[in-house]
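Asker: Have a peek at run_18.txt (compact mmCIF, C-alpha atoms).
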```txt
# COMPACT_ATOMS: atom_id res chain seq x y z
CA MET A 1 0.00 0.00 0.00
CA THR A 2 1.29 3.43 -0.95
CA LYS A 3 1.99 6.02 1.72
CA LYS A 4 1.49 9.62 0.70
CA PRO A 5 2.83 12.70 2.49
CA VAL A 6 0.23 15.30 3.44
CA GLN A 7 0.68 18.61 5.25
CA PHE A 8 -2.09 20.61 6.82
CA LYS A 9 -2.81 22.77 9.84
CA LEU A 10 -4.65 21.16 12.73
CA ASN A 11 -6.06 23.67 15.19
CA GLY A 12 -3.46 26.16 13.97
CA ALA A 13 -0.45 23.86 14.28
CA ASP A 14 1.45 22.50 11.26
CA LYS A 15 1.14 18.74 10.79
CA ALA A 16 2.95 16.53 8.33
CA VAL A 17 1.80 12.93 8.09
CA PHE A 18 2.00 9.93 5.81
CA VAL A 19 -1.43 8.63 4.92
CA ASP A 20 -2.51 5.36 3.35
CA ASP A 21 -4.39 5.10 0.08
CA GLY A 22 -8.08 5.36 0.89
CA GLN A 23 -7.51 6.41 4.50
CA ASN A 24 -10.10 8.82 5.80
CA LEU A 25 -9.32 12.03 7.67
CA LEU A 26 -10.92 10.82 10.88
CA ASP A 27 -8.58 7.86 11.02
CA VAL A 28 -5.57 10.10 10.41
CA LEU A 29 -6.64 12.51 13.14
CA ARG A 30 -7.36 9.81 15.71
CA ARG A 31 -4.76 7.12 15.01
CA GLY A 32 -2.15 9.07 13.10
CA ILE A 33 -2.02 12.27 15.13
CA GLY A 34 -3.74 11.31 18.37
CA ASP A 35 -6.50 13.91 18.35
CA LEU A 36 -9.26 11.77 19.79
CA SER A 37 -11.86 14.54 19.93
CA PRO A 38 -13.68 13.68 16.68
CA LYS A 39 -15.59 10.42 17.16
CA TYR A 40 -16.15 7.45 14.90
CA GLY A 41 -19.88 6.84 14.91
CA CYS A 42 -21.27 5.32 11.75
CA GLY A 43 -18.57 5.69 9.09
CA GLN A 44 -21.39 6.47 6.64
CA GLY A 45 -21.90 10.22 6.99
CA THR A 46 -25.14 9.70 8.86
CA CYS A 47 -24.44 10.56 12.50
CA GLY A 48 -22.20 13.65 12.41
CA ALA A 49 -20.06 12.55 15.38
CA CYS A 50 -16.90 12.99 13.29
CA THR A 51 -17.70 16.58 12.20
CA VAL A 52 -14.61 18.78 11.88
CA LEU A 53 -14.13 22.14 10.20
CA VAL A 54 -12.13 22.23 6.98
CA ASP A 55 -11.26 25.83 6.13
CA GLY A 56 -14.01 26.85 8.52
CA GLU A 57 -16.78 24.73 7.01
CA PRO A 58 -18.19 21.58 8.60
CA HIS A 59 -17.16 18.32 6.98
CA LEU A 60 -17.66 14.70 7.98
CA SER A 61 -14.12 13.54 8.53
CA CYS A 62 -15.03 9.86 8.09
CA LEU A 63 -15.93 10.63 4.47
CA VAL A 64 -12.99 12.89 3.69
CA LEU A 65 -10.15 11.27 1.82
CA ALA A 66 -7.14 12.27 3.93
CA GLU A 67 -4.79 12.87 1.02
CA THR A 68 -7.07 15.63 -0.30
CA MET A 69 -6.35 17.72 2.81
CA GLU A 70 -3.03 19.09 1.54
CA GLY A 71 -2.71 22.73 2.63
CA ARG A 72 -6.10 22.86 4.37
CA GLN A 73 -6.92 24.21 7.82
CA ILE A 74 -8.63 21.66 10.02
CA SER A 75 -10.30 22.47 13.33
CA THR A 76 -11.51 19.93 15.88
CA THR A 77 -13.07 20.14 19.31
CA GLY A 78 -9.59 19.46 20.68
CA GLY A 79 -8.62 22.98 19.61
CA LEU A 80 -11.66 24.84 20.95
CA ALA A 81 -10.32 25.58 24.42
CA ARG A 82 -7.89 28.47 24.41
CA ASP A 83 -6.02 30.72 26.78
CA GLY A 84 -6.58 28.26 29.60
CA GLY A 85 -10.35 28.43 29.29
CA LEU A 86 -13.09 26.63 27.46
CA ASP A 87 -14.85 28.09 24.44
CA PRO A 88 -18.17 29.72 25.38
CA LEU A 89 -19.83 26.92 23.42
CA GLN A 90 -18.27 24.33 25.71
CA ASP A 91 -19.23 26.35 28.78
CA ALA A 92 -22.79 26.65 27.53
CA PHE A 93 -22.99 22.90 26.87
CA MET A 94 -21.77 22.20 30.41
CA ASP A 95 -24.04 24.73 32.06
CA GLY A 96 -27.06 23.62 30.04
CA PHE A 97 -26.52 19.86 30.55
CA ALA A 98 -26.38 19.53 26.77
CA ALA A 99 -24.40 16.30 26.94
CA GLN A 100 -25.43 12.98 28.44
CA CYS A 101 -23.33 10.15 27.02
CA GLY A 102 -21.29 12.83 25.23
CA PHE A 103 -20.49 10.84 22.12
CA CYS A 104 -22.23 13.26 19.77
CA THR A 105 -20.92 16.33 21.61
CA PRO A 106 -17.71 16.98 19.62
CA GLY A 107 -19.65 16.86 16.37
CA MET A 108 -22.40 19.06 17.79
CA LEU A 109 -19.83 21.57 19.01
CA MET A 110 -18.12 21.83 15.63
CA ALA A 111 -21.41 22.09 13.74
CA ALA A 112 -22.44 24.82 16.17
CA LYS A 113 -19.08 26.57 15.90
CA ALA A 114 -19.39 26.72 12.12
CA LEU A 115 -22.80 28.30 12.54
CA LEU A 116 -21.76 30.88 15.14
CA ASP A 117 -18.61 31.84 13.25
CA ARG A 118 -20.79 32.66 10.25
CA ASN A 119 -23.85 33.93 12.11
CA PRO A 120 -23.18 35.13 15.68
CA ASN A 121 -26.87 35.76 16.33
CA PRO A 122 -28.73 32.75 14.95
CA SER A 123 -32.43 32.08 15.31
CA ARG A 124 -33.67 28.84 16.84
CA ASP A 125 -34.47 27.58 13.33
CA ASP A 126 -30.91 28.42 12.22
CA VAL A 127 -29.57 26.29 15.07
CA ILE A 128 -31.88 23.39 14.26
CA GLU A 129 -30.76 23.52 10.64
CA ALA A 130 -27.08 23.73 11.61
CA ILE A 131 -27.21 20.54 13.68
CA SER A 132 -29.64 18.73 11.39
CA GLY A 133 -26.87 16.39 10.24
CA ASN A 134 -25.87 15.46 13.79
CA ILE A 135 -27.66 12.72 15.67
CA CYS A 136 -28.07 12.70 19.47
CA ARG A 137 -29.77 9.70 21.04
CA CYS A 138 -29.78 11.01 24.62
CA THR A 139 -30.88 14.58 25.04
CA GLY A 140 -33.82 15.01 22.70
CA TYR A 141 -31.89 17.94 21.20
CA GLU A 142 -33.59 20.70 23.21
CA PRO A 143 -30.72 21.21 25.70
CA ILE A 144 -28.27 21.29 22.78
CA ILE A 145 -30.28 23.87 20.86
CA ASN A 146 -30.65 25.97 24.01
CA ALA A 147 -26.93 25.70 24.76
CA ILE A 148 -25.97 26.91 21.28
CA LEU A 149 -28.33 29.86 21.61
CA ASP A 150 -26.85 30.53 25.04
CA ALA A 151 -23.33 30.40 23.59
CA ALA A 152 -24.36 32.94 20.98
CA GLN A 153 -25.47 35.24 23.80
CA ARG A 154 -22.09 34.73 25.44
CA GLY A 155 -20.37 35.85 22.25
CA SER A 156 -18.97 32.53 21.03
CA GLY A 157 -19.22 33.62 17.41
CA GLN A 158 -17.21 36.80 17.96
CA ARG A 159 -14.41 34.91 19.63
CA THR A 160 -12.97 33.35 16.49
CA ALA A 161 -10.60 35.36 14.38
CA MET B 1 -8.51 -0.79 3.29
CA SER B 2 -6.86 -1.80 0.09
CA VAL B 3 -7.84 0.74 -2.50
CA SER B 4 -5.45 2.73 -4.58
CA VAL B 5 -6.12 6.41 -5.24
CA LYS B 6 -5.15 8.07 -8.51
CA THR B 7 -5.49 11.78 -9.17
CA PHE B 8 -5.70 13.27 -12.66
CA ASP B 9 -5.44 16.82 -13.95
CA THR B 10 -8.50 16.49 -16.16
CA ALA B 11 -11.78 14.63 -15.91
CA ALA B 12 -11.18 13.30 -19.43
CA GLU B 13 -8.03 11.48 -18.28
CA ALA B 14 -9.94 9.97 -15.37
CA ALA B 15 -12.75 8.96 -17.73
CA GLN B 16 -10.25 7.24 -19.99
CA VAL B 17 -8.88 5.15 -17.13
CA LEU B 18 -12.36 4.43 -15.81
CA SER B 19 -13.54 3.16 -19.18
CA ASN B 20 -10.81 0.52 -19.15
CA ASP B 21 -10.99 -0.51 -15.51
CA ARG B 22 -14.15 -2.04 -14.10
CA ALA B 23 -12.62 -2.10 -10.65
CA ALA B 24 -12.24 1.69 -10.58
CA ARG B 25 -14.71 4.31 -9.33
CA PHE B 26 -14.66 8.03 -9.98
CA MET B 27 -15.08 10.08 -6.80
CA GLY B 28 -16.69 13.49 -6.55
CA GLY B 29 -17.32 14.66 -2.99
CA GLY B 30 -16.75 11.27 -1.41
CA THR B 31 -20.08 10.88 0.35
CA TRP B 32 -20.82 7.65 -1.57
CA ILE B 33 -17.40 6.30 -2.40
CA MET B 34 -15.80 6.88 1.01
CA ARG B 35 -18.79 5.26 2.65
CA ALA B 36 -18.14 2.19 0.51
CA VAL B 37 -14.42 2.35 1.29
CA ASN B 38 -15.17 2.51 5.03
CA GLU B 39 -17.50 -0.46 4.74
CA GLY B 40 -14.77 -2.48 3.04
CA ASN B 41 -16.71 -2.75 -0.20
CA GLN B 42 -14.80 -5.17 -2.39
CA SER B 43 -16.50 -4.32 -5.68
CA PHE B 44 -13.82 -1.79 -6.58
CA SER B 45 -10.11 -1.50 -5.91
CA SER B 46 -9.19 1.96 -7.08
CA VAL B 47 -10.59 5.46 -6.65
CA LEU B 48 -10.08 8.13 -9.31
CA LEU B 49 -9.99 11.86 -8.57
CA ALA B 50 -9.73 14.83 -10.94
CA ARG B 51 -8.49 18.34 -10.24
CA ASP B 52 -10.22 19.65 -13.37
CA PRO B 53 -11.39 23.24 -12.69
CA VAL B 54 -14.29 22.77 -15.13
CA LEU B 55 -15.83 20.39 -12.61
CA ARG B 56 -16.22 23.24 -10.12
CA GLN B 57 -17.52 25.98 -12.40
CA VAL B 58 -21.00 27.43 -12.65
CA GLN B 59 -21.72 29.33 -15.88
CA VAL B 60 -24.89 31.32 -16.42
CA GLN B 61 -25.48 32.87 -19.84
CA GLY B 62 -28.99 34.24 -20.19
CA ASP B 63 -31.31 31.35 -19.40
CA ARG B 64 -28.67 28.70 -20.07
CA VAL B 65 -27.11 27.31 -16.93
CA VAL B 66 -24.10 24.98 -16.85
CA ILE B 67 -23.20 23.47 -13.49
CA GLY B 68 -19.95 21.56 -13.08
CA ALA B 69 -20.38 18.04 -11.75
CA GLY B 70 -18.02 18.81 -8.88
CA VAL B 71 -20.09 21.76 -7.63
CA THR B 72 -21.34 21.07 -4.13
CA MET B 73 -24.82 21.54 -2.72
CA ALA B 74 -23.41 24.34 -0.54
CA GLN B 75 -22.06 26.11 -3.63
CA ILE B 76 -25.49 25.90 -5.27
CA LEU B 77 -27.00 27.40 -2.12
CA GLY B 78 -24.45 30.21 -2.25
CA HIS B 79 -25.19 31.06 -5.88
CA GLY B 80 -27.93 33.64 -6.39
CA GLU B 81 -28.52 32.66 -10.03
CA LEU B 82 -29.38 29.12 -8.96
CA ALA B 83 -32.17 30.13 -6.56
CA PHE B 84 -34.62 27.82 -8.32
CA LEU B 85 -32.47 24.87 -7.18
CA HIS B 86 -32.00 26.01 -3.59
CA ARG B 87 -34.89 24.06 -2.11
CA ALA B 88 -33.65 20.86 -3.77
CA ALA B 89 -30.03 21.44 -2.76
CA LYS B 90 -31.01 22.21 0.81
CA SER B 91 -33.01 19.00 1.04
CA VAL B 92 -29.76 17.02 0.70
CA GLY B 93 -28.27 16.01 4.07
CA GLY B 94 -27.11 18.43 6.75
CA PRO B 95 -24.64 21.30 6.32
CA ALA B 96 -21.56 19.05 6.44
CA ILE B 97 -22.87 16.72 3.75
CA ARG B 98 -23.83 19.72 1.62
CA ASN B 99 -20.26 21.01 1.83
CA MET B 100 -19.07 17.73 0.35
CA ALA B 101 -21.82 16.22 -1.81
CA THR B 102 -21.59 17.13 -5.48
CA VAL B 103 -24.03 17.51 -8.34
CA GLY B 104 -22.34 14.67 -10.22
CA GLY B 105 -22.43 12.37 -7.21
CA ASN B 106 -26.15 12.96 -6.78
CA LEU B 107 -26.76 11.67 -10.31
CA PHE B 108 -25.30 8.34 -9.23
CA ALA B 109 -26.88 8.21 -5.78
CA TRP B 110 -28.73 4.99 -5.17
CA HIS B 111 -32.32 4.68 -3.99
CA PRO B 112 -33.76 6.41 -1.95
CA TYR B 113 -31.26 9.25 -2.45
CA GLY B 114 -30.85 11.55 -5.45
CA ASP B 115 -33.10 14.49 -4.59
CA LEU B 116 -31.18 17.03 -6.66
CA ALA B 117 -31.13 14.61 -9.59
CA THR B 118 -34.93 14.49 -9.36
CA ALA B 119 -35.05 18.28 -9.66
CA LEU B 120 -32.61 18.26 -12.59
CA LEU B 121 -34.68 15.59 -14.34
CA ALA B 122 -37.79 17.77 -14.16
CA LEU B 123 -35.73 20.59 -15.65
CA ASP B 124 -34.90 18.48 -18.73
CA ALA B 125 -31.21 18.67 -17.92
CA THR B 126 -28.56 17.24 -20.19
CA VAL B 127 -25.18 16.04 -19.05
CA THR B 128 -21.83 16.53 -20.71
CA LEU B 129 -19.59 13.52 -20.34
CA ALA B 130 -15.90 14.03 -19.75
CA SER B 131 -15.07 11.61 -22.51
CA GLY B 132 -15.22 13.59 -25.76
CA ASN B 133 -17.60 16.20 -24.32
CA GLN B 134 -20.45 13.95 -25.43
CA GLN B 135 -23.96 15.21 -24.59
CA GLN B 136 -26.60 12.96 -23.12
CA ALA B 137 -30.09 13.48 -21.72
CA LEU B 138 -30.08 13.09 -17.95
CA ALA B 139 -32.90 10.55 -18.23
CA ASP B 140 -30.66 8.38 -20.41
CA LEU B 141 -27.74 8.70 -18.01
CA LEU B 142 -29.93 7.66 -15.08
CA ARG B 143 -31.21 4.66 -17.02
CA ASP B 144 -27.75 3.49 -18.08
CA ARG B 145 -25.61 4.62 -15.17
CA GLU B 146 -24.74 1.12 -13.94
CA ARG B 147 -23.66 -0.06 -17.38
CA GLU B 148 -20.01 -0.52 -18.21
CA PRO B 149 -18.05 1.47 -19.08
CA ARG B 150 -19.13 3.85 -16.34
CA PRO B 151 -19.23 7.48 -17.46
CA VAL B 152 -17.64 10.50 -15.81
CA VAL B 153 -19.97 13.49 -15.90
CA LEU B 154 -18.27 16.82 -16.52
CA SER B 155 -21.25 19.15 -16.17
CA VAL B 156 -25.02 19.47 -16.23
CA THR B 157 -26.75 21.89 -18.58
CA LEU B 158 -30.29 23.17 -18.21
CA THR B 159 -32.55 26.04 -19.09
CA ARG B 160 -33.63 28.27 -16.25
CA PRO B 161 -37.35 27.67 -15.61
CA GLN B 162 -40.00 30.34 -16.03
CA GLN B 163 -40.42 32.51 -12.95
CA GLY B 164 -42.49 30.53 -10.43
CA ALA B 165 -42.84 27.50 -12.70
CA PHE B 166 -40.55 25.16 -10.81
CA ARG B 167 -41.65 23.40 -7.65
CA PHE B 168 -39.93 20.82 -5.45
CA ARG B 169 -41.12 18.79 -2.49
CA LYS B 170 -39.32 16.15 -0.45
CA VAL B 171 -41.45 14.03 1.84
CA SER B 172 -39.65 12.50 4.83
CA ARG B 173 -40.79 10.92 8.07
CA VAL B 174 -38.14 12.74 10.12
CA LYS B 175 -37.92 16.54 10.44
CA PRO B 176 -36.02 18.64 9.65
CA LYS B 177 -33.84 16.09 7.86
CA GLY B 178 -34.87 12.66 6.79
CA ILE B 179 -34.41 10.24 3.96
CA SER B 180 -36.94 10.70 1.19
CA LEU B 181 -39.95 8.43 0.98
CA LEU B 182 -41.06 10.50 -1.98
CA THR B 183 -39.56 13.45 -3.79
CA ILE B 184 -41.47 15.35 -6.45
CA ALA B 185 -40.12 17.97 -8.81
CA ALA B 186 -42.39 19.78 -11.23
CA ASN B 187 -41.64 22.25 -13.97
CA LEU B 188 -44.93 23.81 -15.04
CA PRO B 189 -44.40 26.42 -17.73
CA GLN B 190 -47.57 28.21 -18.73
CA ALA B 191 -48.81 29.97 -21.83
CA SER B 192 -52.02 31.99 -21.52
CA GLU B 193 -52.53 30.48 -18.06
CA ARG B 194 -52.48 26.95 -19.50
CA ILE B 195 -49.76 24.45 -18.73
CA SER B 196 -47.55 23.79 -21.70
CA GLY B 197 -44.71 21.29 -21.61
CA ALA B 198 -45.06 20.08 -18.01
CA ARG B 199 -42.26 17.98 -16.59
CA ILE B 200 -42.84 15.86 -13.49
CA ALA B 201 -40.17 13.72 -11.86
CA TYR B 202 -40.31 11.46 -8.84
CA GLY B 203 -37.46 10.45 -6.60
CA SER B 204 -37.55 7.34 -4.36
CA MET B 205 -40.37 5.88 -6.48
CA ALA B 206 -38.07 3.68 -8.58
CA ASP B 207 -34.44 2.58 -8.59
CA THR B 208 -33.50 5.99 -9.98
CA PRO B 209 -35.36 9.31 -10.28
CA VAL B 210 -37.94 8.93 -13.06
CA ARG B 211 -40.19 11.11 -15.21
CA VAL B 212 -43.94 10.53 -14.90
CA PRO B 213 -45.35 10.85 -18.45
CA ALA B 214 -48.93 10.00 -17.40
CA VAL B 215 -49.05 13.02 -15.11
CA GLU B 216 -47.29 15.27 -17.62
CA GLN B 217 -49.82 14.37 -20.33
CA ALA B 218 -52.76 14.86 -17.98
CA LEU B 219 -51.53 18.38 -17.17
CA GLU B 220 -51.04 19.49 -20.76
CA GLY B 221 -53.26 22.44 -21.61
CA LYS B 222 -54.85 22.48 -18.15
CA THR B 223 -55.09 25.25 -15.61
CA LEU B 224 -53.36 25.02 -12.26
CA ASP B 225 -56.45 24.69 -10.11
CA GLU B 226 -58.31 21.88 -8.41
CA ALA B 227 -60.39 21.01 -11.48
CA GLY B 228 -57.49 21.39 -13.88
CA ILE B 229 -55.20 19.00 -12.00
CA ALA B 230 -57.80 16.34 -11.13
CA GLN B 231 -56.85 14.01 -13.98
CA ALA B 232 -53.15 14.40 -13.23
CA VAL B 233 -53.68 13.52 -9.58
CA ALA B 234 -55.72 10.47 -10.59
CA ALA B 235 -52.81 9.40 -12.81
CA ALA B 236 -50.19 10.10 -10.12
CA THR B 237 -48.86 6.55 -9.96
CA ASN B 238 -49.74 5.26 -13.43
CA GLY B 239 -46.77 3.28 -14.68
CA ILE B 240 -44.95 3.62 -11.35
CA GLU B 241 -44.02 0.61 -9.18
CA PRO B 242 -42.24 2.04 -6.15
CA PRO B 243 -39.82 -0.13 -4.20
CA THR B 244 -40.33 -1.23 -0.63
CA ASP B 245 -37.54 -0.30 1.76
CA ALA B 246 -36.95 0.54 5.42
CA ILE B 247 -38.46 3.99 4.90
CA ALA B 248 -41.79 3.00 3.34
CA SER B 249 -43.55 0.18 1.59
CA SER B 250 -44.42 0.27 -2.09
CA TRP B 251 -48.10 0.39 -1.13
CA TYR B 252 -47.57 3.39 1.16
CA ARG B 253 -45.63 5.30 -1.45
CA LYS B 254 -48.41 4.75 -3.99
CA GLU B 255 -51.05 5.83 -1.47
CA VAL B 256 -49.38 9.11 -0.52
CA ALA B 257 -48.01 10.11 -3.93
CA PRO B 258 -51.32 11.59 -5.20
CA VAL B 259 -51.76 13.55 -1.97
CA HIS B 260 -48.35 15.17 -2.19
CA LEU B 261 -48.58 15.69 -5.95
CA LYS B 262 -51.85 17.56 -5.45
CA ARG B 263 -50.34 19.73 -2.72
CA LEU B 264 -47.35 20.53 -4.89
CA LEU B 265 -49.45 21.43 -7.91
CA LEU B 266 -51.80 23.62 -5.91
CA GLU B 267 -48.81 25.25 -4.22
CA ALA B 268 -47.68 26.15 -7.72
CA ALA B 269 -51.07 27.70 -8.36
CA SER B 270 -50.99 29.85 -5.25
```
Go through the file and emit its structure as structure tokens.

Answerer:
Amino acid sequence: MTKKPVQFKLNGADKAVFVDDGQNLLDVLRRGIGDLSPKYGCGQGTCGACTVLVDGEPHLSCLVLAETMEGRQISTTGGLARDGGLDPLQDAFMDGFAAQCGFCTPGMLMAAKALLDRNPNPSRDDVIEAISGNICRCTGYEPIINAILDAAQRGSGQRTA
Amino acid sequence: MSVSVKTFDTAAEAAQVLSNDRAARFMGGGTWIMRAVNEGNQSFSSVLLARDPVLRQVQVQGDRVVIGAGVTMAQILGHGELAFLHRAAKSVGGPAIRNMATVGGNLFAWHPYGDLATALLALDATVTLASGNQQQALADLLRDREREPRPVVLSVTLTRPQQGAFRFRKVSRVKPKGISLLTIAANLPQASERISGARIAYGSMADTPVRVPAVEQALEGKTLDEAGIAQAVAAATNGIEPPTDAIASSWYRKEVAPVHLKRLLLEAAS
């Protein structure tokens, strides 16, 4: 099997890795680099647990061919906390009990981050649409939606440069 | 996973390789092919990519619209000239899928997917194949898409519909996002308030999106009101044998199709 060199930025840091033919980005992040924040849920693009941002836009890392990431900027939940503190989104999720088992949470956070970066003052419908590709089997979604709206109030969207 | 990945500068080069290799698959956004790779699908052993900029272009000249096969649903949603396709593009997956899924990939999506393809079918779209820039009606591509050699689609060409003539409805059990149990696209151009040249397409009602000639004929020359569409609604499932799947039975699809067709047609009248 061929190994191919790929360089990209992960949460602002340069990464250079060798990836296998056909290897998906999620696998490279988790096994190759050790960023365990994106989760492997379905491997089919159905659950959204593996959502990461590629150049600021949400992508399902299980369906991204890793070798196509040359020169891209990838953001994961592992890079949300900064300056010794959590992102307002993470705070809002904690305060609003928006996680139960927590498996969907990294994907929810990144889907929400993409929304708030683009639209710092979303409506409830905007939030529902933004997380419509992310499945949660615990919370019934309401605490998650409320937490994202709360994070918007806390200025999560304005925090990203 | 033992697949090899080959990247080409042009779609034509990829098409050439694909035509000689039954174990190869051309990949657009990856939402189908990577799923198969992850599942360990053994029916193919190599994945072909193309960097061809033509794949990612949208060209609008007057009413003629050419959409590259590598254009994503998100790009359609970001393009003001493609507003008539926004409802169809937005019906595909969530935001992350829409950032990845391409127009070309949707033409090859298996049942019950292919919502954008259903819209394009009702718009009488033609496809340009990467091999020799050959033109083909979308209906023909959908019919023959599993045949060898597999084609690589370069772009989709269509004529912008009359203002207000195009309607799209996806029926799902889950809101806001669910897999289609029925998708209907209707292009209903009118002359002197009479329908002329109606195009109706269903998604999820056959193995691929299909036109519904019985409904189209029943609409010809009619007005878009309850009396005018009665015959078309009665013919809603003539010649259609929907599949049964985990989403809905064939019987259920046939039962609800006239209801949703009527709603769509009357929505067009409002």

Asker: Tell me which of A:Ala152, A:Val64, A:Cys104, A:Met94 sits closest to chain B, counting all atoms listed in the file.

Answerer: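 Of all the options, A:Val64 lies closest to chain B.
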
Asker: Tell me as a VMD selection string which residues belonging to chain A come within 8 Å of chain B, counting only C-alpha atoms.

Answerer: chain A and resid 1 to 2 21 to 24 43 to 45 51 57 to 60 62 to 65 111 128 to 134

Asker: Figure out the distance between atom CA of B:Gly104 and atom CA of B:Asp207, please, to one decimal in Å.

Answerer: 17.2 Å

Asker: For B:Val65, please output as a JSON list (two decimals) with C-alpha atoms, keeping the file's coordinate frame all residues within 8 Å (counting all atoms listed in the file; exclusion window: fewer than 6 positions along the same chain).

Answerer:
```
[["chain", "number", "residue", "atom", "x", "y", "z"],
["B", 58, "VAL", "CA", -21.00, 27.43, -12.65],
["B", 59, "GLN", "CA", -21.72, 29.33, -15.88],
["B", 157, "THR", "CA", -26.75, 21.89, -18.58],
["B", 158, "LEU", "CA", -30.29, 23.17, -18.21],
["B", 159, "THR", "CA", -32.55, 26.04, -19.09],
["B", 160, "ARG", "CA", -33.63, 28.27, -16.25]]
```

Asker: So the first atom is atom CA of A:Glu142 and the second is atom CA of A:Ala92; what is the distance between them in Å, to one decimal place?

Answerer: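 Between these atoms lies a distance of 13.1 Å.
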
Asker: Just give me the residues with any atom within 8 Å of (-23.5, 16.2, -15.3), file coordinates, counting only C-alpha atoms, written as a PyMOL selection string.

Answerer: chain B and resi 67-69+103-104+107+126-129+138+153-157

Asker: Do a neighbour search on B:Ser250 at 10 Å with only C-alpha atoms, toss out local chain neighbours closer than 3 positions, and write the hits as a list in words.

Answerer: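 Contacts, in chain order: Leu181, Met205, Ala206, Ile240, Glu241, Pro242, Pro243, Thr244, Asp245, Ile247, Arg253, Lys254 and Glu255 of chain B.
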
Asker: Looking at B:Val152, B:Leu141, B:Ala119, B:Val66, which one is nearest to B:Leu18, with distances taken over all atoms listed in the file?

Answerer: B:Val152
